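Colleague: Can you read through this structure? Questions will come right after.
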Amino acid sequence: MTSRATLPGRHHLLLLSLLLAPLTGLAQQEGSTSDRPAQDAPKQEEGPRLDLEGLEDPANTGTAAPTPNAETPGQAEQDTFTERLQPTTTLTQRVAAILDRTTLGGYAEHDFILPQEGVSTFRAHRYVLFVYSHISERVSTATEIEFEFAGSPLKRDGVLGAGEVLLEFSVVDLMLTDWATFRAGVILVPVGAYNLRHDAPAQELPERPIAYTTIVPTTWFESGAGFLGGFDLGQDWRLSYEVYAVNGLDAKILDGQGFRAARGSHLEDNNNDKAITGRVSVSPFLGLEAGLSGYTGAYDAEGRRVNMINADVFWRLGAWDLTGEVVRAFIDPGFVQGFPNGSTANTRDRVPTGMFGYYGQANYRFRIEPFFRLLPDEWKEGHFTASLRYEEKDTDTEFITAGDVARLTLGLNFRPLPPYVLKTSFFWEKSGGDGVQPHAWSGDFWSEGHGTFLASVAYLF
């Protein structure tokens, strides 16, 4: 490791967003010509429905699932839940009672990797299920379950081992007002925009930004509770917020991996401190959003802390999308310790005292009309997207190590339909393993780096 005296100054499809949002809309009356219902009109909210023919009484209980009426809008829902909770109610009957309020969906991503160094492979990267249920007018729940690399068992280097099946997001929301919702469960930590909107079909490049898989360890999830909501600021401006208390990161903070191994405290907290995290974003008009977010919490039993700040921006200019984020983490000096005696996690490795990363990305959407005239009718509204992204990460700001990486990515994808995309990309990267700080504007980035071709298919369902 090479010592460094100073830090350089560097700067679905929105389905998941819909799943995260509280149900705050008012149903418009049929034939209404107004964009918004009248203030004195009654609230009529409906959750996602599965209208399946022949399932009016699918459990053959003799009575169809009740629906609310104008006189007693909440009584029918209450009766449905009361019937479902009876000890004699079968599983089939319970499922039948929620068909009109629960929706199942998800997304998947499958890759082909051709590295300059190593062997090519197909990779079943991820298969993610979404479950959403509208429990009542003000209560809803959403869950995301990920099977990564086909789940478990996972065969690596000829040996079968444990794979990854994760409950990455599972919350229940209670809408208190139009601008405040209480949320509890397994929460996506709101540090930056990418962690909140990481779904593969919504992204234009196959790989996630390198700083946002390590310093912000997307997908970053923690157990906790808090509030989210938003305010209209005048005619066009909108301010949104999220703030939570969570169990937080533990002491397994490592150069190279960043905070990735320190996340995911669903069962226990390794100290008596609860981390606080939040994000505030402002949108002056549709297509432009800027956000500022942060995190603070103890990572060991001695009270040593992690403090993190992140800024993000997204701007749509016609056929162009411009987006970027920058993150800086400040960490009290310490060691990988503080777990129960005898735990193999107590390695006593040095914890890095600082991390820094950023990316900037430009996407350009375009069409080649002669090509689209040859396609099926349902594809003729599709488009191509060309992307360029430059990014750096530094998972130990005191030293130049292999955890310092600079990467330049060129991508081209074809999206015949919004929920389906074929992506190709080529990235060139260099690490600081040779003791030289990697930057694209330095000559050794091109002479000492290496490239990888990556293609993927991602779809939303």
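Residues in the structure tokens are numbered from 1 in each chain, the chains being A, B, ... in the order shown, and ligands are numbered from 1 in the order shown.
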So that I can see what lies close to stretch 342-351 of chain A, please list as a ChimeraX atom specification the residues with an atom at most 9 Å from it, counting only C-alpha atoms and leaving out residues fewer than 4 positions away in the same chain.

Modeller: /A:251-255,331-338,396

Colleague: Store the residues picked out above, limited to N, CA and C atoms, as a PDB file, in the first residue's frame.

Modeller:
```pdb
ATOM      1  N   ALA A 251     -19.122  -3.955  12.176  1.00  0.00           N
ATOM      2  CA  ALA A 251     -17.700  -3.615  12.051  1.00  0.00           C
ATOM      3  C   ALA A 251     -16.999  -4.303  10.883  1.00  0.00           C
ATOM      4  N   LYS A 252     -17.718  -5.076  10.089  1.00  0.00           N
ATOM      5  CA  LYS A 252     -17.059  -5.779   8.986  1.00  0.00           C
ATOM      6  C   LYS A 252     -16.913  -4.846   7.785  1.00  0.00           C
ATOM      7  N   ILE A 253     -16.076  -3.817   7.970  1.00  0.00           N
ATOM      8  CA  ILE A 253     -15.840  -2.769   6.980  1.00  0.00           C
ATOM      9  C   ILE A 253     -14.442  -2.988   6.420  1.00  0.00           C
ATOM     10  N   LEU A 254     -14.340  -3.201   5.106  1.00  0.00           N
ATOM     11  CA  LEU A 254     -13.091  -3.659   4.518  1.00  0.00           C
ATOM     12  C   LEU A 254     -12.729  -2.852   3.278  1.00  0.00           C
ATOM     13  N   ASP A 255     -11.435  -2.651   3.074  1.00  0.00           N
ATOM     14  CA  ASP A 255     -10.958  -2.069   1.822  1.00  0.00           C
ATOM     15  C   ASP A 255     -11.338  -2.995   0.676  1.00  0.00           C
ATOM     16  N   ILE A 331     -15.009   7.516   8.751  1.00  0.00           N
ATOM     17  CA  ILE A 331     -15.099   6.369   9.650  1.00  0.00           C
ATOM     18  C   ILE A 331     -14.098   6.541  10.783  1.00  0.00           C
ATOM     19  N   ASP A 332     -14.570   6.379  12.001  1.00  0.00           N
ATOM     20  CA  ASP A 332     -13.655   6.433  13.138  1.00  0.00           C
ATOM     21  C   ASP A 332     -12.684   5.257  13.067  1.00  0.00           C
ATOM     22  N   PRO A 333     -11.387   5.480  13.382  1.00  0.00           N
ATOM     23  CA  PRO A 333     -10.404   4.392  13.325  1.00  0.00           C
ATOM     24  C   PRO A 333     -10.805   3.247  14.268  1.00  0.00           C
ATOM     25  N   GLY A 334     -10.668   2.036  13.764  1.00  0.00           N
ATOM     26  CA  GLY A 334     -11.027   0.868  14.558  1.00  0.00           C
ATOM     27  C   GLY A 334     -10.636  -0.417  13.874  1.00  0.00           C
ATOM     28  N   PHE A 335     -11.224  -1.521  14.348  1.00  0.00           N
ATOM     29  CA  PHE A 335     -10.884  -2.846  13.836  1.00  0.00           C
ATOM     30  C   PHE A 335     -12.171  -3.644  13.642  1.00  0.00           C
ATOM     31  N   VAL A 336     -12.066  -4.700  12.837  1.00  0.00           N
ATOM     32  CA  VAL A 336     -13.193  -5.608  12.641  1.00  0.00           C
ATOM     33  C   VAL A 336     -13.296  -6.465  13.897  1.00  0.00           C
ATOM     34  N   GLN A 337     -14.130  -6.010  14.836  1.00  0.00           N
ATOM     35  CA  GLN A 337     -14.246  -6.662  16.138  1.00  0.00           C
ATOM     36  C   GLN A 337     -15.604  -6.305  16.727  1.00  0.00           C
ATOM     37  N   GLY A 338     -15.822  -6.727  17.984  1.00  0.00           N
ATOM     38  CA  GLY A 338     -17.055  -6.365  18.663  1.00  0.00           C
ATOM     39  C   GLY A 338     -18.161  -7.371  18.509  1.00  0.00           C
ATOM     40  N   ASP A 396     -10.401   3.164   0.653  1.00  0.00           N
ATOM     41  CA  ASP A 396      -9.496   3.483   1.757  1.00  0.00           C
ATOM     42  C   ASP A 396      -8.726   4.727   1.361  1.00  0.00           C
TER      43      ASP A 396
END
```

Colleague: Which neighbours of A:Leu233 fall inside 12 Å, counting only C-alpha atoms, when residues of the same chain fewer than 4 positions from it are skipped, and could you give them as a compact mmCIF listing (two decimals) with N, CA, C and O atoms, in the first residue's frame?

Modeller:
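Result written to part_1.txt:
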```txt
# COMPACT_ATOMS: atom_id res chain seq x y z
N TRP A 237 -42.92 22.98 -7.96
CA TRP A 237 -41.88 22.39 -7.14
C TRP A 237 -42.45 21.32 -6.22
O TRP A 237 -43.55 21.44 -5.70
N ARG A 238 -41.64 20.29 -6.01
CA ARG A 238 -42.02 19.18 -5.12
C ARG A 238 -40.83 18.80 -4.27
O ARG A 238 -39.71 18.61 -4.76
N LEU A 239 -41.03 18.69 -2.96
CA LEU A 239 -40.00 18.24 -2.03
C LEU A 239 -40.43 16.90 -1.45
O LEU A 239 -41.56 16.76 -0.98
N SER A 240 -39.52 15.92 -1.48
CA SER A 240 -39.80 14.59 -0.93
C SER A 240 -38.74 14.25 0.12
O SER A 240 -37.60 14.74 0.05
N VAL A 282 -35.53 17.45 -4.17
CA VAL A 282 -36.37 18.52 -4.67
C VAL A 282 -36.46 18.39 -6.18
O VAL A 282 -35.48 18.08 -6.87
N SER A 283 -37.67 18.59 -6.70
CA SER A 283 -37.91 18.53 -8.14
C SER A 283 -38.64 19.79 -8.57
O SER A 283 -39.83 19.96 -8.25
N PRO A 284 -37.98 20.70 -9.28
CA PRO A 284 -38.64 21.94 -9.72
C PRO A 284 -39.61 21.71 -10.86
O PRO A 284 -40.51 22.51 -11.08
N PHE A 285 -39.42 20.61 -11.61
CA PHE A 285 -40.34 20.23 -12.68
C PHE A 285 -40.07 18.77 -13.03
O PHE A 285 -39.05 18.20 -12.66
```

Colleague: Choose the residue, out of A:Ile276, A:Gly291, A:Leu114, A:Phe147, that has the smallest atom-to-atom separation from A:Leu196; count only C-alpha atoms.

Modeller: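 Among the listed residues, the smallest separation from A:Leu196 belongs to A:Gly291.
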
Colleague: If you count only C-alpha atoms, which residues fall within 10 Å of A:Pro418, apart from same-chain ones fewer than 5 positions away, as a ChimeraX atom specification?

Modeller: /A:12-13,201-202,379,381-383,459-460

Colleague: Go ahead and write the residues just picked, all heavy atoms, as a PDB file, in the first residue's frame.

Modeller:
```pdb
ATOM      1  N   HIS A  12     -39.805   0.984 -13.589  1.00  0.00           N
ATOM      2  CA  HIS A  12     -39.460   0.266 -13.967  1.00  0.00           C
ATOM      3  C   HIS A  12     -40.371   0.897 -14.710  1.00  0.00           C
ATOM      4  O   HIS A  12     -41.478   0.956 -14.280  1.00  0.00           O
ATOM      5  CB  HIS A  12     -39.456  -0.337 -12.804  1.00  0.00           C
ATOM      6  CG  HIS A  12     -39.359  -0.617 -11.532  1.00  0.00           C
ATOM      7  ND1 HIS A  12     -39.499  -0.593 -10.584  1.00  0.00           N
ATOM      8  CD2 HIS A  12     -38.889  -1.049 -10.803  1.00  0.00           C
ATOM      9  CE1 HIS A  12     -39.280  -0.919  -9.564  1.00  0.00           C
ATOM     10  NE2 HIS A  12     -38.818  -1.266  -9.740  1.00  0.00           N
ATOM     11  N   LEU A  13     -40.469   2.297 -16.684  1.00  0.00           N
ATOM     12  CA  LEU A  13     -40.466   1.331 -15.610  1.00  0.00           C
ATOM     13  C   LEU A  13     -40.125   1.911 -14.245  1.00  0.00           C
ATOM     14  O   LEU A  13     -39.048   1.983 -13.828  1.00  0.00           O
ATOM     15  CB  LEU A  13     -39.424   0.269 -15.760  1.00  0.00           C
ATOM     16  CG  LEU A  13     -38.997  -0.310 -16.983  1.00  0.00           C
ATOM     17  CD1 LEU A  13     -38.679  -1.690 -16.916  1.00  0.00           C
ATOM     18  CD2 LEU A  13     -38.858   0.411 -18.139  1.00  0.00           C
ATOM     19  N   PRO A 201     -34.236  -3.590 -15.039  1.00  0.00           N
ATOM     20  CA  PRO A 201     -34.911  -3.131 -16.264  1.00  0.00           C
ATOM     21  C   PRO A 201     -34.975  -1.616 -16.395  1.00  0.00           C
ATOM     22  O   PRO A 201     -35.166  -1.097 -17.495  1.00  0.00           O
ATOM     23  CB  PRO A 201     -36.320  -3.729 -16.126  1.00  0.00           C
ATOM     24  CG  PRO A 201     -36.175  -4.852 -15.180  1.00  0.00           C
ATOM     25  CD  PRO A 201     -35.121  -4.426 -14.215  1.00  0.00           C
ATOM     26  N   ALA A 202     -34.832  -0.884 -15.298  1.00  0.00           N
ATOM     27  CA  ALA A 202     -34.876   0.573 -15.353  1.00  0.00           C
ATOM     28  C   ALA A 202     -33.519   1.188 -15.642  1.00  0.00           C
ATOM     29  O   ALA A 202     -33.434   2.387 -15.903  1.00  0.00           O
ATOM     30  CB  ALA A 202     -35.411   1.128 -14.031  1.00  0.00           C
ATOM     31  N   TRP A 379     -43.658  -3.490 -31.263  1.00  0.00           N
ATOM     32  CA  TRP A 379     -42.291  -3.030 -31.003  1.00  0.00           C
ATOM     33  C   TRP A 379     -41.972  -1.689 -31.665  1.00  0.00           C
ATOM     34  O   TRP A 379     -40.900  -1.141 -31.451  1.00  0.00           O
ATOM     35  CB  TRP A 379     -41.278  -4.049 -31.499  1.00  0.00           C
ATOM     36  CG  TRP A 379     -41.304  -5.355 -30.759  1.00  0.00           C
ATOM     37  CD1 TRP A 379     -42.133  -5.717 -29.736  1.00  0.00           C
ATOM     38  CD2 TRP A 379     -40.449  -6.473 -30.995  1.00  0.00           C
ATOM     39  NE1 TRP A 379     -41.861  -6.996 -29.328  1.00  0.00           N
ATOM     40  CE2 TRP A 379     -40.830  -7.489 -30.085  1.00  0.00           C
ATOM     41  CE3 TRP A 379     -39.414  -6.725 -31.897  1.00  0.00           C
ATOM     42  CZ2 TRP A 379     -40.207  -8.730 -30.043  1.00  0.00           C
ATOM     43  CZ3 TRP A 379     -38.790  -7.956 -31.859  1.00  0.00           C
ATOM     44  CH2 TRP A 379     -39.169  -8.947 -30.941  1.00  0.00           C
ATOM     45  N   GLU A 381     -42.752   1.271 -31.224  1.00  0.00           N
ATOM     46  CA  GLU A 381     -42.544   2.442 -30.380  1.00  0.00           C
ATOM     47  C   GLU A 381     -41.281   2.310 -29.537  1.00  0.00           C
ATOM     48  O   GLU A 381     -41.031   3.128 -28.652  1.00  0.00           O
ATOM     49  CB  GLU A 381     -43.753   2.655 -29.461  1.00  0.00           C
ATOM     50  CG  GLU A 381     -45.051   2.917 -30.203  1.00  0.00           C
ATOM     51  CD  GLU A 381     -44.966   4.135 -31.103  1.00  0.00           C
ATOM     52  OE1 GLU A 381     -44.395   5.156 -30.654  1.00  0.00           O
ATOM     53  OE2 GLU A 381     -45.453   4.064 -32.244  1.00  0.00           O
ATOM     54  N   GLY A 382     -40.477   1.291 -29.820  1.00  0.00           N
ATOM     55  CA  GLY A 382     -39.249   1.076 -29.056  1.00  0.00           C
ATOM     56  C   GLY A 382     -38.141   2.045 -29.440  1.00  0.00           C
ATOM     57  O   GLY A 382     -38.312   2.919 -30.295  1.00  0.00           O
ATOM     58  N   HIS A 383     -36.976   1.872 -28.813  1.00  0.00           N
ATOM     59  CA  HIS A 383     -35.853   2.756 -29.111  1.00  0.00           C
ATOM     60  C   HIS A 383     -34.540   2.113 -28.700  1.00  0.00           C
ATOM     61  O   HIS A 383     -34.510   1.117 -27.972  1.00  0.00           O
ATOM     62  CB  HIS A 383     -36.015   4.102 -28.382  1.00  0.00           C
ATOM     63  CG  HIS A 383     -36.014   3.978 -26.888  1.00  0.00           C
ATOM     64  ND1 HIS A 383     -37.163   3.816 -26.160  1.00  0.00           N
ATOM     65  CD2 HIS A 383     -35.002   4.004 -25.974  1.00  0.00           C
ATOM     66  CE1 HIS A 383     -36.876   3.731 -24.873  1.00  0.00           C
ATOM     67  NE2 HIS A 383     -35.564   3.848 -24.731  1.00  0.00           N
ATOM     68  N   TYR A 459     -35.872  -7.869 -17.731  1.00  0.00           N
ATOM     69  CA  TYR A 459     -37.293  -7.702 -18.016  1.00  0.00           C
ATOM     70  C   TYR A 459     -38.078  -7.563 -16.724  1.00  0.00           C
ATOM     71  O   TYR A 459     -37.684  -8.053 -15.667  1.00  0.00           O
ATOM     72  CB  TYR A 459     -37.838  -8.873 -18.845  1.00  0.00           C
ATOM     73  CG  TYR A 459     -37.639 -10.236 -18.212  1.00  0.00           C
ATOM     74  CD1 TYR A 459     -38.660 -10.822 -17.440  1.00  0.00           C
ATOM     75  CD2 TYR A 459     -36.455 -10.943 -18.381  1.00  0.00           C
ATOM     76  CE1 TYR A 459     -38.478 -12.064 -16.869  1.00  0.00           C
ATOM     77  CE2 TYR A 459     -36.277 -12.192 -17.803  1.00  0.00           C
ATOM     78  CZ  TYR A 459     -37.311 -12.746 -17.051  1.00  0.00           C
ATOM     79  OH  TYR A 459     -37.130 -13.990 -16.476  1.00  0.00           O
ATOM     80  N   LEU A 460     -39.180  -6.862 -16.849  1.00  0.00           N
ATOM     81  CA  LEU A 460     -40.090  -6.614 -15.745  1.00  0.00           C
ATOM     82  C   LEU A 460     -41.380  -7.371 -16.006  1.00  0.00           C
ATOM     83  O   LEU A 460     -41.833  -7.446 -17.149  1.00  0.00           O
ATOM     84  CB  LEU A 460     -40.363  -5.113 -15.673  1.00  0.00           C
ATOM     85  CG  LEU A 460     -41.127  -4.526 -14.485  1.00  0.00           C
ATOM     86  CD1 LEU A 460     -40.250  -4.527 -13.245  1.00  0.00           C
ATOM     87  CD2 LEU A 460     -41.558  -3.103 -14.819  1.00  0.00           C
TER      88      LEU A 460
END
```

Colleague: Could you name the residues that touch A:Phe182 at 6 Å or less, counting only C-alpha atoms, but leaving out those on the same chain fewer than 4 positions away, as a list in words?

Modeller: Asp173, Leu174, Gly226 and Phe227 of chain A

Colleague: Pick out the residues sitting within 8 Å of A:Gly264, and hand them over as a ChimeraX atom specification; count only C-alpha atoms, and ignore anything fewer than 5 positions along from it in its own chain.

Modeller: /A:220-223,248-249

Colleague: Write the residues of the preceding selection, restricted to C-alpha atoms, as a short mmCIF file (atom, residue, chain, number, x, y, z; two decimals), in the first residue's frame.

Modeller:
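Contents of part21.cif, as written:
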```cif
data_model
loop_
_atom_site.label_atom_id
_atom_site.label_comp_id
_atom_site.auth_asym_id
_atom_site.auth_seq_id
_atom_site.Cartn_x
_atom_site.Cartn_y
_atom_site.Cartn_z
CA TRP A 220 -28.38 -1.76 0.94
CA PHE A 221 -31.16 -2.84 3.29
CA GLU A 222 -31.56 -2.64 7.07
CA SER A 223 -34.31 -3.37 9.59
CA GLY A 248 -27.14 -0.09 11.01
CA LEU A 249 -23.76 -1.29 9.83
#
```

Colleague: Hey, what's within 8 Å of stretch 420-431 of chain A if we count only C-alpha atoms and toss same-chain stuff fewer than 5 positions away? As an NGL selection string, please?

Modeller: :A and (201 or 204-206 or 401-415 or 437-438 or 445 or 448-460)

Colleague: Closest to A:Ala184 among A:Ala362, A:Val326, A:Ala261, A:Val139, using only C-alpha atoms?

Modeller: A:Val139

Colleague: Atom CA of A:Val165 and atom CA of A:Arg101, how far apart in Å?

Modeller: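 The value is 25.8 Å.
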
Colleague: Ranking A:Phe339, A:Phe461, A:Phe169, A:Tyr244 by minimum distance to A:Tyr295 and counting only C-alpha atoms, which one comes first?

Modeller: A:Tyr244

Colleague: Atom CA of A:Trp179 and atom CA of A:Ser265 are how many Å apart?

Modeller: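 We find that atom CA of A:Trp179 and atom CA of A:Ser265 lie 28.7 Å from each other.
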
Colleague: Just list the residues in stretch 141-329 of chain A DSSP gives helix (DSSP H, G or I) on the backbone, as a PyMOL selection string.

Modeller: chain A and resi 200-202+210-212+260-262

Colleague: Taking only stretch 166-316 of chain A into account, list the residues labelled strand (DSSP E or B) by DSSP (computed from the backbone), as a ChimeraX atom specification.

Modeller: /A:166-177,180-188,221-233,237-246,254,258,275-285,288-298,305-316

Colleague: Please determine, counting only C-alpha atoms, which residue among A:Met355, A:Ala275, A:Val327, A:Ala311 has the shortest atom-to-atom distance to A:Tyr299.

Modeller: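 Selected residue with least distance to A:Tyr299: A:Ala275.
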